[in-house]
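Q: Okay, here's the structure, questions in a sec.
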Amino acid sequence: IVGATESQSADAEALVTAIAPQLDEEIGSSAKFVTEGTPGVQKTFAENCGDGSHVWNLVPSGESSGFAQGADINAGENAEERQEIFGLVGDIYVTVEGDGEVSQTAKAAHARGATVIPLMRTGGASDG
């Protein structure tokens, strides 16, 4: 899941809160949900995704997401390296709101053949 570090609308946050448990229930046993361990959309998703056992939060070495759920996985020495790694590990990226970083991650993922699903109604980089 890729998204804004600060939700711009209550609608987007409510949407993420609603889809997280549904995705976990439908495909959680055969998938891992990966975040960059950032606040906002990713934290909302991780903390509403079932019991969190299918969530991996990528964080720079020595850091912690501080999320109530999910396993923190060290990825890179800093935020830039972590973002690069994040763009390489997924098969499907769901974007919610977002800015230039979200757009950059989505473009990199798409360029290597990953599927990108923008939740367009949430606006920002996800609106096209």
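Chain identifiers are assigned as A, B, and so on, following the order in which chains appear in the structure tokens; residues are numbered from 1 within each chain, and ligands are numbered from 1 in order of appearance.
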Write out as a ChimeraX atom specification which residues come within 12 Å of stretch 114-127 of chain A when counting only C-alpha atoms, dropping same-chain ones fewer than 4 positions away.
A: /A:1-16,19,41,86-110
Q: Could you find all residues in chain A that DSSP calls alpha helix (DSSP H) from the backbone, and write them as number ranges by chain?
A: A: 10-27, 41-48, 79-89, 100-111
Q: May I ask which of the residues A:Gly128, A:Pro39, A:Gly28, A:Gly76 is the closest one to A:Val59, counting only C-alpha atoms?
A: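 Using only C-alpha atoms, the shortest distance to A:Val59 belongs to A:Gly76.
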Q: Calculated over only C-alpha atoms, which of the candidates A:Arg112, A:Asn57, A:Gly52, A:Glu84 has the smallest distance to A:Gln69?
A: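 Using only C-alpha atoms, the shortest distance to A:Gln69 belongs to A:Gly52.
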Q: What's the 10 Å shell around A:Ala75, counting only C-alpha atoms, without same-chain residues fewer than 5 positions away, as a PyMOL selection string?
A: chain A and resi 36+57-63+81-86
Q: Please, could you write that set of residues out with C-alpha atoms as a short mmCIF file (atom, residue, chain, number, x, y, z; two decimals), in the first residue's frame?
A:
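Result file follows (again-v6.cif):
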```
data_model
loop_
_atom_site.label_atom_id
_atom_site.label_comp_id
_atom_site.auth_asym_id
_atom_site.auth_seq_id
_atom_site.Cartn_x
_atom_site.Cartn_y
_atom_site.Cartn_z
CA GLU A 36 7.13 1.74 4.23
CA ASN A 57 6.64 -2.63 7.49
CA LEU A 58 9.89 -1.76 5.70
CA VAL A 59 11.97 0.62 7.81
CA PRO A 60 15.52 1.95 7.51
CA SER A 61 18.11 0.05 9.54
CA GLY A 62 17.85 0.83 13.24
CA GLU A 63 14.41 2.44 12.98
CA GLU A 81 17.11 3.45 0.14
CA ARG A 82 13.99 2.10 1.85
CA GLN A 83 11.78 3.79 -0.77
CA GLU A 84 13.85 2.30 -3.59
CA ILE A 85 13.59 -1.19 -2.08
CA PHE A 86 9.85 -0.75 -1.52
#
```
Q: Report, in Å to a single decimal, how far apart atom CA of A:Lys43 and atom CA of A:Leu23 are.
A: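 One can read the atom CA of A:Leu23 to atom CA of A:Lys43 distance as 15.3 Å.
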Q: Give me, please, the distance in Å between atom CA of A:Val55 and atom CA of A:Ser29, quoted to one decimal.
A: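 Going from atom CA of A:Val55 over to atom CA of A:Ser29 covers 11.0 Å.
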Q: Here is a test: counting only C-alpha atoms, which residue of A:Ser64, A:Asn48, A:Asn78, A:Ser53 is nearest to A:Pro21?
A: A:Asn48
Q: Among stretch 32-69 of chain A, which ones does DSSP assign to strand (DSSP E) (computed from the backbone)? Answer as a list in words.
A: Phe33, Val34, Thr35, Val55, Trp56, Asn57, Leu58 and Val59 of chain A
Q: Okay, now the selection with N, CA, C and O atoms, as an mmCIF file, in the first residue's frame?
A:
```cif
data_model
loop_
_atom_site.group_PDB
_atom_site.id
_atom_site.type_symbol
_atom_site.label_atom_id
_atom_site.label_comp_id
_atom_site.auth_asym_id
_atom_site.auth_seq_id
_atom_site.Cartn_x
_atom_site.Cartn_y
_atom_site.Cartn_z
ATOM 1 N N PHE A 33 1.274 -7.942 2.935
ATOM 2 C CA PHE A 33 1.003 -6.550 2.649
ATOM 3 C C PHE A 33 2.202 -5.749 3.153
ATOM 4 O O PHE A 33 2.580 -5.882 4.321
ATOM 5 N N VAL A 34 2.794 -4.954 2.286
ATOM 6 C CA VAL A 34 4.032 -4.250 2.619
ATOM 7 C C VAL A 34 3.774 -2.753 2.681
ATOM 8 O O VAL A 34 3.147 -2.181 1.787
ATOM 9 N N THR A 35 4.274 -2.132 3.746
ATOM 10 C CA THR A 35 4.237 -0.673 3.880
ATOM 11 C C THR A 35 5.673 -0.171 4.015
ATOM 12 O O THR A 35 6.597 -0.958 4.196
ATOM 13 N N VAL A 55 1.328 -8.349 7.563
ATOM 14 C CA VAL A 55 1.851 -7.019 7.250
ATOM 15 C C VAL A 55 3.344 -6.946 7.551
ATOM 16 O O VAL A 55 3.787 -7.310 8.647
ATOM 17 N N TRP A 56 4.099 -6.479 6.577
ATOM 18 C CA TRP A 56 5.521 -6.190 6.757
ATOM 19 C C TRP A 56 5.713 -4.698 6.572
ATOM 20 O O TRP A 56 5.298 -4.120 5.557
ATOM 21 N N ASN A 57 6.343 -4.059 7.539
ATOM 22 C CA ASN A 57 6.642 -2.634 7.488
ATOM 23 C C ASN A 57 8.135 -2.456 7.222
ATOM 24 O O ASN A 57 8.956 -2.783 8.078
ATOM 25 N N LEU A 58 8.477 -1.982 6.023
ATOM 26 C CA LEU A 58 9.885 -1.755 5.705
ATOM 27 C C LEU A 58 10.342 -0.470 6.367
ATOM 28 O O LEU A 58 9.710 0.572 6.205
ATOM 29 N N VAL A 59 11.429 -0.549 7.112
ATOM 30 C CA VAL A 59 11.968 0.620 7.812
ATOM 31 C C VAL A 59 13.482 0.663 7.615
ATOM 32 O O VAL A 59 14.121 -0.379 7.491
#
```
Q: Please measure the separation of atom CA of A:Ile27 and atom CA of A:Ala79, giving the value in Å to one decimal.
A: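 A separation of 28.5 Å between them.
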Q: Please determine, counting only C-alpha atoms, which residue among A:Ser65, A:Ala111, A:Ala18, A:Ala71 has the shortest atom-to-atom distance to A:Gln42.
A: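 The answer is A:Ser65, which sits nearest to A:Gln42.
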